[in-house]
Structure formats: C-alpha cells, structure tokens
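Colleague: One structure, as structure tokens, below. Some questions next.
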Amino acid sequence: MVERDYFFALADDVTVQAKPGEIALLNFRGETSDFIRYSRTRIRQAGRVRQARLRLTLVSNQRQASAAVDLSGDQKADCSFMRSKIVELRAQHAMLPEDPYVHLASDLSDSERADSIQLPDANEATTCIADAFRDLDMTGIWACGENCAGFANTSGQRNWHAVGSFNFDCSIHSGTNSVKQSIAGQRLDLNALIGSAEDARKTLSLLSRSPRRLKPGRYRAYLAPDAMVEILGLLSWGGFGLRSYRTGRSPLMRLVDGDVQLDPRVSVFEDVASGFAPAFTAEGFIRPDRVPLVDNGCFANCLVDARSAREFDQSVNASVEAPLSLQMAPGALADEDVFAALDTGIYISNLWYLNFSDRNACRITGMTRFACLWVEDGVPRGPLEPMRFDDTLYGLLGERLLDFSKTRRLSLDPDTYEGRSFCSALLPGALVEGLNLAL
Amino acid sequence: MQHRFSTEAIEKSFQRLTQDMNHCVLRLVEKRRLVVCVRRDVPEPIVTDHVLGAMVTVVERGGAGYAASGDLSETGLSLALKEARERARIAAAFPLFDAARLPVPRAKTRMDSRPSGGMPTASECLELTREASRVLKDAAVNAGALGKIADWSATIDTAECHSLMLSSAGARIEQSYCYLSPGLSVVARDGSQSQQRSHGDGHIARRGGLEQLHAVGFADQGERIVEDALALLNAPECPTQTTDVLLMPGQMMLQIHESIGHPLELDRILGDERNYAGGSFVTPDMIGRYQYGAECLNVVFDPEIPNELASFAYDDDGMPTERHELIRDGILVGAIGSASSCLRAGILAATSARASGWNRPPIDRMGNINLVPGEHNLKALLSSIERGVMMDTNRSWSIDHLRNKFQFGCEIGWLIEEGERKGLIRNPGYRGVSANFWRNLDMVGDATTEAILGTLNCGKGEPNQLMQVGHAAPACAFRNVEVFGGG
C-alpha cells in the first residue's frame, strides 16, 4: 500500500458519502516497521509489522461519534467497510444528545511533509550491530521504517505527514552494571555504532569499581538530559494540559495559579516547527509553531486541544494536551565542566519508573537506573547502587537549581505502544543543590 | 461477532501457502471495542474500535521470524509469509536460541466464554453511564458541595475479542471472550488541595458482560466516592512513621502485580527485558528454596477463573495453560513464561506467552496472579493491629528495574487504633523492599475480604505492548512498614 495515495483515495470515497449537514473527519495512522529485538547481543525476535488505522468521525446536528478500524489495503473492501461505519455512526447520533464541545477547524489548511529517504534494511542493520557490539552483552531493539499520519475532511482539507527513521535503543550490561545507549536517525553509520559500543566499554570499566551504597538523605546531583526526559515525561502526564488544570488533576496547579515560581532559568516550550510530530490535529486545526509552557520560571500557557478549547473558551494550540515536541532552554554549564561543578554528589544518567508521590505538591518519586555514578571532588569514583528519590519538582527546578547544561540532547521517543512514536524532546541536563533520596 | 473475513478462505490460503513449511503459525486477532464516557453529565464522543489483522511466524534454519498485516487476502498472507521467512533467516544468522527446538502448536479446540447476551450495546452503556454520572452529581448537590467537585465521570470500556490460530502441524485453536472495565471518578478541589476518588477506573476489569457491572457495583458506588473525596480535602495527612499496615484489595493488586508477578516472568529472569521493563532479583536457582515471604503467603497463576480478566485455555504460542503454584507457604516454587523461555531456562513454568494484538509477537507475560485467601475476616485483621494505617485504591506505583525497592500511593487511608478503623487520612503512601516486605506479611484475609480485580494496561516488551492482567487478592496485614503522607 502506498499510504498517502491510498488514504486520500479512501477519504475521497468516504467523504462523498456524507449527506448534507454531515461533516466527516478522517484520521489515518500507518507504519511499516522492522523490529529486531536483541538479548545478549543475539536476536530474540525479528519481525515486520504493516499496519494502517483509520478513525472516522461523523458530525451532524452538534452530535459526533467516531469509529476506528484496521485497514486491509484492499481499497474496495475498505471503502465498503467504511461506508458501513458511516451508517453505524448515524445510528449512534440518534441516541446522543447535543455535544456542546464539538469543535472543528473552519479554515482549510492543506499541508504535506514527507521525507524521501532510503532507510537501512534489516540485513544491513543486523550486520552492523553485530560488528559493533560483538564482544558486549547488549539488549535492546532496532526499530526502523516509515511512520505516517494523515487528515482529511468533507470540506476538502488534506494533510499528510510521513517520517522515515530508525531508532536503535539498547543497553550494555556487565554483571549488575549497565549503560544505556541510543542512536536514532535516517542514515545508519557503522562508525556511530562502533563509537557507541566504545563509549559503553569505557563506562562499564568505570562501573566495574565497587558500588557506592548511599543512605537516604539529600545529595548534590547532576541530572543528565536522559534523566530530564523522564522527569519532563512524568510532568507531561497532566502537567501541561488545560483540562487537567481545570479539573484539579494537574501536578502544576500551584505554578499555574501563581502560588509558586520556578527558577527564572526554567523555560519550557512545545516546539512544533522543529519536532517530528504532525502539525495538524484530529479536527483539522494547525498547531502554532511554538507554544511557551513555562517562561522564565513562570507559567505561560496550557496545551489546549479542540474539545477543551470549546469547553473552557480558549484557542486550540495542541492535538493532545501533552507535549509532543518538548524543548527546554539550555543553561551555561559546559559538558566538560559537569563533574567539576558537581564536585561531590551523584551523577544521574537515567531515571526509571517515575510517578507522583503527591500531585498537589508536584512531588515525584522514581529510581536511578543504568550508569549512575558517585562523584567526589569532581572525579567519578564508581557506580551508585540503585536508589529511590522522592522530591518536589518545585524544589529541584526552583530554589535548588544551580544550572542547566549548555548542550542539549535530542531524544527521539522509542515508545511503540500503539505504533512508533512521533515524539521528541530537546533537553539540557540540570545541576541541583540537593536531591532527596528516600530508599 | 459478524466477521469481516472468511475463516474458511483464510484456512484454505494458509494451507496452500504453507505446504512446504515445517513450522509456521498464523494468529488472527479480531476485537471490537466500545468506550462510552460521560463527563460532568456530558457524553464524550462514543468510541468504537475494530481491530483486525494477523501475524504469521515462521521457523526456518533455527531462526524464527514474524510478519504482521491487516491484509488477510491470500496475496496479503503470502507477502507476510515471505517477510516472516526473511526475518527468520536474519534471526538464524545471530540466534539467541535454536528456534527449531520450539514446539509447534497442534491442538484443535474452540473455547467461547462470551456471555449469552454478548457485549453490551452503545445504547445500554450510554444509559448506564449517564445514570452513574447523575448519581455522582446528585451526591455532590446533596452534600451542598457541587462547587468543590472539579470533575466527575463515568466510563464503560468493553470489548468482544476473537482469536484464531492455525499451524502447519494442523492446529486450529479458536478463543472468544468479552471483557468489561467500568470506572467512576470524582475530583474534589479546595484551593490548591485536590483529592480524587474512584471506583474501578481501570482496576476492576473482568471477563464477561453487563452481569459483571452488577457484580462489581457501578452507580451505587457513586455516593460513597463523592463523600470520600470531599472528606479527604480536610483530612489530616498520613503520618510519617514505621508502623503496621492493612492493605485492601484495591492496593494489594498492584503490590502483587509489581513485586510478585513481574519478578517471576522468565524473560525478565533471563535478561531479555533488561533494556526496557527491567530484569528480576529472582534467579532460576532460587526456585524451590527461596523464602519469598511469610509462611502465610501462597500465590498462584490461575487461568481458570471464569470472570477474571486473564483467563485462557491456550496462550498466544498455542500452548495449553493451567493453574500453577508460584509461592507455596512462603517458598518460591514456580515462574511464568513462554515455551521458549522454559526451554532456555530449563524450567517447567506456568505457560504464558501473550501478545497485545495481531501486530505484536507473544512474550512472557503474567496472567491471573492471585494471592490465596487465608482464614481471617476484616475484623480479625484490624484487631491484630494496635496502631497502624489502612490503605485502599492504588493511585501511584513505582518499583526498581529488578523489582526490589518499591513505593506506592493510595487514594484513601484510615488510622487504626486499638484494633479499630478510626479517622480518615489523605495522601497515604508506603515504601519498602520486596523481600523484607513479603516476609513481614502477618495475616491474610479470608474470602470475605477478597476481590477479583484486573487492569487492561500493563506495559512491557520491545516493541511495547499493553496487556490485560487479573489479580484476585484478599486484604492483608503487614508489620513494620515505612508509611508517609503528602506535602
């Protein structure tokens, strides 16, 4: 199936089925992905997935209902099935009251973004990975292929977004020690894989020293960009959305209310223009290029999807009320100065399994994971035993923030739950005066 | 369920296309899901979801490869088989194990546990959720506190699922079932203090249809959770101390899930999940001798409970499943895993390879992991605690990658004084280490304290998969637990 042409042909067929007064919205998601799963540098599972999903929403008389289906790729069969769905959705309308929050784009705004790129095939990838990691205990996944999304409606709006990429997300292990590595992009570079393996070897050598067991308490800490991805990822769970704020569920309630402020160096924004996610929403709105969320430590904007915009009388600026292309302003701390600036404390490369201890206080908990180090007098001394932290983000990014790193790391989300993720984050590391370890 | 495909045509195509293959499996999955939610008395758009596709797995030259597609035509299946064979050859070049040793499914059976009335209709669900939403609102109005209720909602998430497995060795395994996951949720807010209470909301999913809604309660629970949420706004914080704890089933399910279910999954024990969901503190040599918990701790893998969410006769590798003891009198005696992991580990474990859908390969997965009830009713459990804290309904969960250091938070708690439940406390949480915690299990509640619970959203695997798991648990009393409150 050539997804773009297939989707638009399907959209043409379905939209003409709409009766006067009916509006049909079609949202497409498709991917053809190779998944090679590794354990101990050998292949655990190897496969290819071709999937294409279409969500049809029918709106009439201020009522709406939607149906999602897996497409077969047989145009005649898929068109016939979608026509039957229109009949089902009309029947649902008959039982529904008016929906006060129906909100559809009124401006027609077509768009198209499609990368034309030759991605590495599975044979090439597995050979390169075997060459680079031959003598190491590597576990992880190679995911590669084209990921696409489309929108169409009865008004004739057409949007298409296709990104081809690979994401090799892995960790290298030696006994109880491990280090995380990830390489993502479009062109596979054997030297980059070899370099990644070499970095892992060096880190594992450092980790082979006696592990440091810390007592619970407050420690000076550097949170590397990958650790910040976890923290901002948790915060995105209701922290930036308008609906979660208005319904009392936001962990950033006190920030939005103006009761607290973060350090003035904290600026967070959703950067649609430089991200990898579609710029259009499921209702046909086009997201602004950039939405400031936290500006110089103060709340700036919530993310507002179409339904919330109608409910709370705001403008649409998001397709979902969580960041898809998150960015955070950098600081002044040079990479080469991180250990010296940390002096004595913990270097946290990665965090794991974060959750809220108390949303009202924006208090979060989670575990250190992978190559976290104990540092003394600016020198890494050895690995840290996994520790649980429990602390408020208002403190970590407030009075206890010392600096952000000058260099930010671009992280392409390796998540593949519903399909391969379009999300990304460009974040710095953070040096903090104290992080509370609880267990 | 009226299918979008011809089973007969697929079987004929499969037979034609796999004549020259020794080990090939087709797994077709069809699911019709319906989600109806009423929020603040306004119905959200009804969502119906029709999932349909198939995965073929081919074993050749010692490698296994899969390909998944929504195209169920002979042309589509042919392409999938070609791509699966190519992946099998790639895997064979760098194999983790000799896939030729894997058993080929051979069973011919049909299991249908759908309720006689089938899955509920959109109209039925809409009526029930609107009624439940009205109950929530009326409770707030009657309490004179509608202005403090920031949000309320009622949801029914239900599905009818069907799978068909065919193999080159002649297997034909059909399994059909329905599930239902109801949820009520209310958020009370006063200034910067918010408190949520829920009933279900993703944690009491069960096999079955509307009869399960009546079994677990729905609208009739509305008044209670509104009262709770409002009372929690002004309740004192849970104290910070080391004390005795009584955990109700709404929290026990997560405790069992995270610190027993996951550590006993063989793929974690073998190291396959070390990059994502994590490994396990359990090693194969611990089975049969490791003191996992107190003597009153007995845990089973039980896929035979009709209304529990993860009940099935054959797993997604086509292997038969049955009840299996995991912990007996506190001693670790079993593990959970796929046939391939059992071969690799040299362990006879509870057979359970499961896939979240047609587009994801089966991996080692817990199913129904149940803590066997003891002999004490709730009054006896409370009486055993001089001073302590009682907690219910999980709201926060976190555990390390080897499943040792955990921290949980609950929606609601009560102080226990002199063996009786006393005042409400808010933001109750506790933390500990799995081994110490389970060895401090002091008393296990009887069947009158037990609840059959389940969730649709257990995340694991690469590529990632969300899985249905069931947990039946009684109330349990633990000694010397570190508890804390909010702030």
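Please note that chains go A, B, ... in the order of the structure tokens, that every chain numbers its residues from 1, and that ligands are numbered from 1 in the order shown.
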Please return, as a CSV table (one decimal) with N, CA and C atoms, in the first residue's frame, all residues of stretch 7-102 of chain B that DSSP assigns to alpha helix (DSSP H) on the basis of the backbone.

Modeller:
chain,number,residue,atom,x,y,z
B,7,THR,N,-13.3,-17.1,7.5
B,7,THR,CA,-12.4,-18.0,8.2
B,7,THR,C,-12.0,-19.2,7.2
B,8,GLU,N,-13.0,-19.6,6.5
B,8,GLU,CA,-12.7,-20.7,5.5
B,8,GLU,C,-11.6,-20.3,4.5
B,9,ALA,N,-11.8,-19.1,4.0
B,9,ALA,CA,-10.8,-18.7,2.9
B,9,ALA,C,-9.4,-18.5,3.5
B,10,ILE,N,-9.4,-18.1,4.7
B,10,ILE,CA,-8.0,-17.9,5.4
B,10,ILE,C,-7.4,-19.3,5.6
B,11,GLU,N,-8.2,-20.2,6.1
B,11,GLU,CA,-7.7,-21.5,6.3
B,11,GLU,C,-7.2,-22.2,5.0
B,12,LYS,N,-7.9,-22.0,4.0
B,12,LYS,CA,-7.5,-22.6,2.7
B,12,LYS,C,-6.2,-21.9,2.2
B,13,SER,N,-6.2,-20.6,2.3
B,13,SER,CA,-5.0,-19.9,1.9
B,13,SER,C,-3.8,-20.3,2.7
B,14,PHE,N,-4.0,-20.5,4.0
B,14,PHE,CA,-2.9,-20.9,4.8
B,14,PHE,C,-2.4,-22.2,4.5
B,15,GLN,N,-3.3,-23.1,4.2
B,15,GLN,CA,-2.9,-24.5,3.8
B,15,GLN,C,-2.1,-24.5,2.5
B,16,ARG,N,-2.6,-23.7,1.6
B,16,ARG,CA,-1.9,-23.7,0.2
B,16,ARG,C,-0.5,-23.1,0.4
B,17,LEU,N,-0.4,-22.0,1.2
B,17,LEU,CA,0.8,-21.2,1.2
B,17,LEU,C,1.9,-21.9,2.1
B,74,GLU,N,-5.2,-13.8,0.3
B,74,GLU,CA,-4.2,-14.7,0.0
B,74,GLU,C,-2.9,-14.0,-0.4
B,75,THR,N,-3.1,-12.9,-1.1
B,75,THR,CA,-1.9,-12.1,-1.5
B,75,THR,C,-1.2,-11.5,-0.3
B,76,GLY,N,-2.1,-11.0,0.6
B,76,GLY,CA,-1.5,-10.4,1.8
B,76,GLY,C,-0.8,-11.4,2.7
B,77,LEU,N,-1.4,-12.5,2.9
B,77,LEU,CA,-0.8,-13.6,3.7
B,77,LEU,C,0.5,-14.1,3.0
B,78,SER,N,0.5,-14.2,1.7
B,78,SER,CA,1.7,-14.6,1.0
B,78,SER,C,2.8,-13.6,1.2
B,79,LEU,N,2.5,-12.3,1.2
B,79,LEU,CA,3.6,-11.3,1.4
B,79,LEU,C,4.1,-11.4,2.9
B,80,ALA,N,3.2,-11.6,3.8
B,80,ALA,CA,3.5,-11.7,5.2
B,80,ALA,C,4.4,-13.0,5.4
B,81,LEU,N,4.1,-14.1,4.8
B,81,LEU,CA,4.9,-15.3,4.9
B,81,LEU,C,6.3,-15.1,4.4
B,82,LYS,N,6.4,-14.4,3.2
B,82,LYS,CA,7.7,-14.1,2.6
B,82,LYS,C,8.5,-13.2,3.6
B,83,GLU,N,7.9,-12.2,4.1
B,83,GLU,CA,8.6,-11.3,5.0
B,83,GLU,C,9.0,-12.0,6.3
B,84,ALA,N,8.2,-12.9,6.8
B,84,ALA,CA,8.5,-13.7,8.0
B,84,ALA,C,9.7,-14.6,7.7
B,85,ARG,N,9.7,-15.2,6.6
B,85,ARG,CA,10.8,-16.1,6.2
B,85,ARG,C,12.1,-15.3,6.2
B,86,GLU,N,12.0,-14.1,5.6
B,86,GLU,CA,13.2,-13.3,5.5
B,86,GLU,C,13.8,-13.0,6.9
B,87,ARG,N,12.8,-12.7,7.8
B,87,ARG,CA,13.2,-12.3,9.2
B,87,ARG,C,13.7,-13.6,9.9
B,88,ALA,N,13.2,-14.7,9.6
B,88,ALA,CA,13.7,-16.0,10.2
B,88,ALA,C,15.1,-16.2,9.8
B,89,ARG,N,15.4,-15.9,8.5
B,89,ARG,CA,16.8,-16.1,8.1
B,89,ARG,C,17.8,-15.1,8.8
B,90,ILE,N,17.3,-13.9,9.0
B,90,ILE,CA,18.1,-12.9,9.7
B,90,ILE,C,18.4,-13.3,11.1
B,91,ALA,N,17.3,-13.8,11.8
B,91,ALA,CA,17.4,-14.3,13.1
B,91,ALA,C,18.4,-15.5,13.2
B,92,ALA,N,18.3,-16.3,12.2
B,92,ALA,CA,19.1,-17.5,12.2
B,92,ALA,C,20.6,-17.2,12.1
B,93,ALA,N,21.0,-16.0,11.6
B,93,ALA,CA,22.4,-15.6,11.5
B,93,ALA,C,22.9,-15.2,12.9

Colleague: Would you kindly report the residues of chain A within 7 Å of chain B, using only C-alpha atoms, as a ChimeraX atom specification?

Modeller: /A:35,37,39,42-51,64-73,95,123,139-141,170-171,247-248,253-254,353-358,360-361,366-367,415-417

Colleague: Mind checking DSSP for stretch 173-350 of chain B and telling me the strand (DSSP E) residues as a ChimeraX atom specification?

Modeller: /B:173-190,193-200,206-207,241-247,299-301,324-328,331-332,336-337,350

Colleague: Tell me, as a list in words, which residues lie within 9 Å of A:Ser109, counting only C-alpha atoms; anything in the same chain fewer than 6 positions away does not count.

Modeller: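 Once the adjacent positions are removed, what remains is Gln157, Arg158, Asn159, Gly284, Phe285 and Ile286 of chain A.
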
Colleague: Any chance you can output those residues with N, CA, C and O atoms as an mmCIF file, in the first residue's frame?

Modeller:
data_model
loop_
_atom_site.group_PDB
_atom_site.id
_atom_site.type_symbol
_atom_site.label_atom_id
_atom_site.label_comp_id
_atom_site.auth_asym_id
_atom_site.auth_seq_id
_atom_site.Cartn_x
_atom_site.Cartn_y
_atom_site.Cartn_z
ATOM 1 N N GLN A 157 -10.154 19.573 3.064
ATOM 2 C CA GLN A 157 -8.808 19.731 3.643
ATOM 3 C C GLN A 157 -8.063 18.405 3.595
ATOM 4 O O GLN A 157 -8.643 17.341 3.886
ATOM 5 N N ARG A 158 -6.798 18.478 3.237
ATOM 6 C CA ARG A 158 -5.962 17.279 3.168
ATOM 7 C C ARG A 158 -4.605 17.590 3.805
ATOM 8 O O ARG A 158 -3.949 18.565 3.444
ATOM 9 N N ASN A 159 -4.194 16.763 4.744
ATOM 10 C CA ASN A 159 -2.884 16.916 5.388
ATOM 11 C C ASN A 159 -2.172 15.579 5.395
ATOM 12 O O ASN A 159 -2.796 14.540 5.604
ATOM 13 N N GLY A 284 -8.499 19.024 12.360
ATOM 14 C CA GLY A 284 -8.083 19.830 11.220
ATOM 15 C C GLY A 284 -7.430 21.151 11.570
ATOM 16 O O GLY A 284 -7.089 21.934 10.678
ATOM 17 N N PHE A 285 -7.242 21.428 12.842
ATOM 18 C CA PHE A 285 -6.535 22.655 13.230
ATOM 19 C C PHE A 285 -5.039 22.494 12.953
ATOM 20 O O PHE A 285 -4.501 21.384 13.016
ATOM 21 N N ILE A 286 -4.373 23.609 12.700
ATOM 22 C CA ILE A 286 -2.923 23.595 12.550
ATOM 23 C C ILE A 286 -2.328 24.186 13.821
ATOM 24 O O ILE A 286 -2.689 25.302 14.239
#

Colleague: Compare A:Ala200, A:Val272, A:Val379, A:Leu397 by their minimum atom-to-atom distance to A:Gly297, counting only C-alpha atoms, and give me the closest one.

Modeller: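 Nearest candidate to A:Gly297 out of A:Ala200, A:Val272, A:Val379, A:Leu397: A:Leu397.
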
Colleague: For A:Pro264, list every protein, DNA or RNA residue within 12 Å, evaluated using only C-alpha atoms, and leave out those in the same chain fewer than 3 positions away; present the list as an MDAnalysis selection string.

Modeller: chainID A and resid 260:261 267:268 294:299 329 331 397:399 401:404
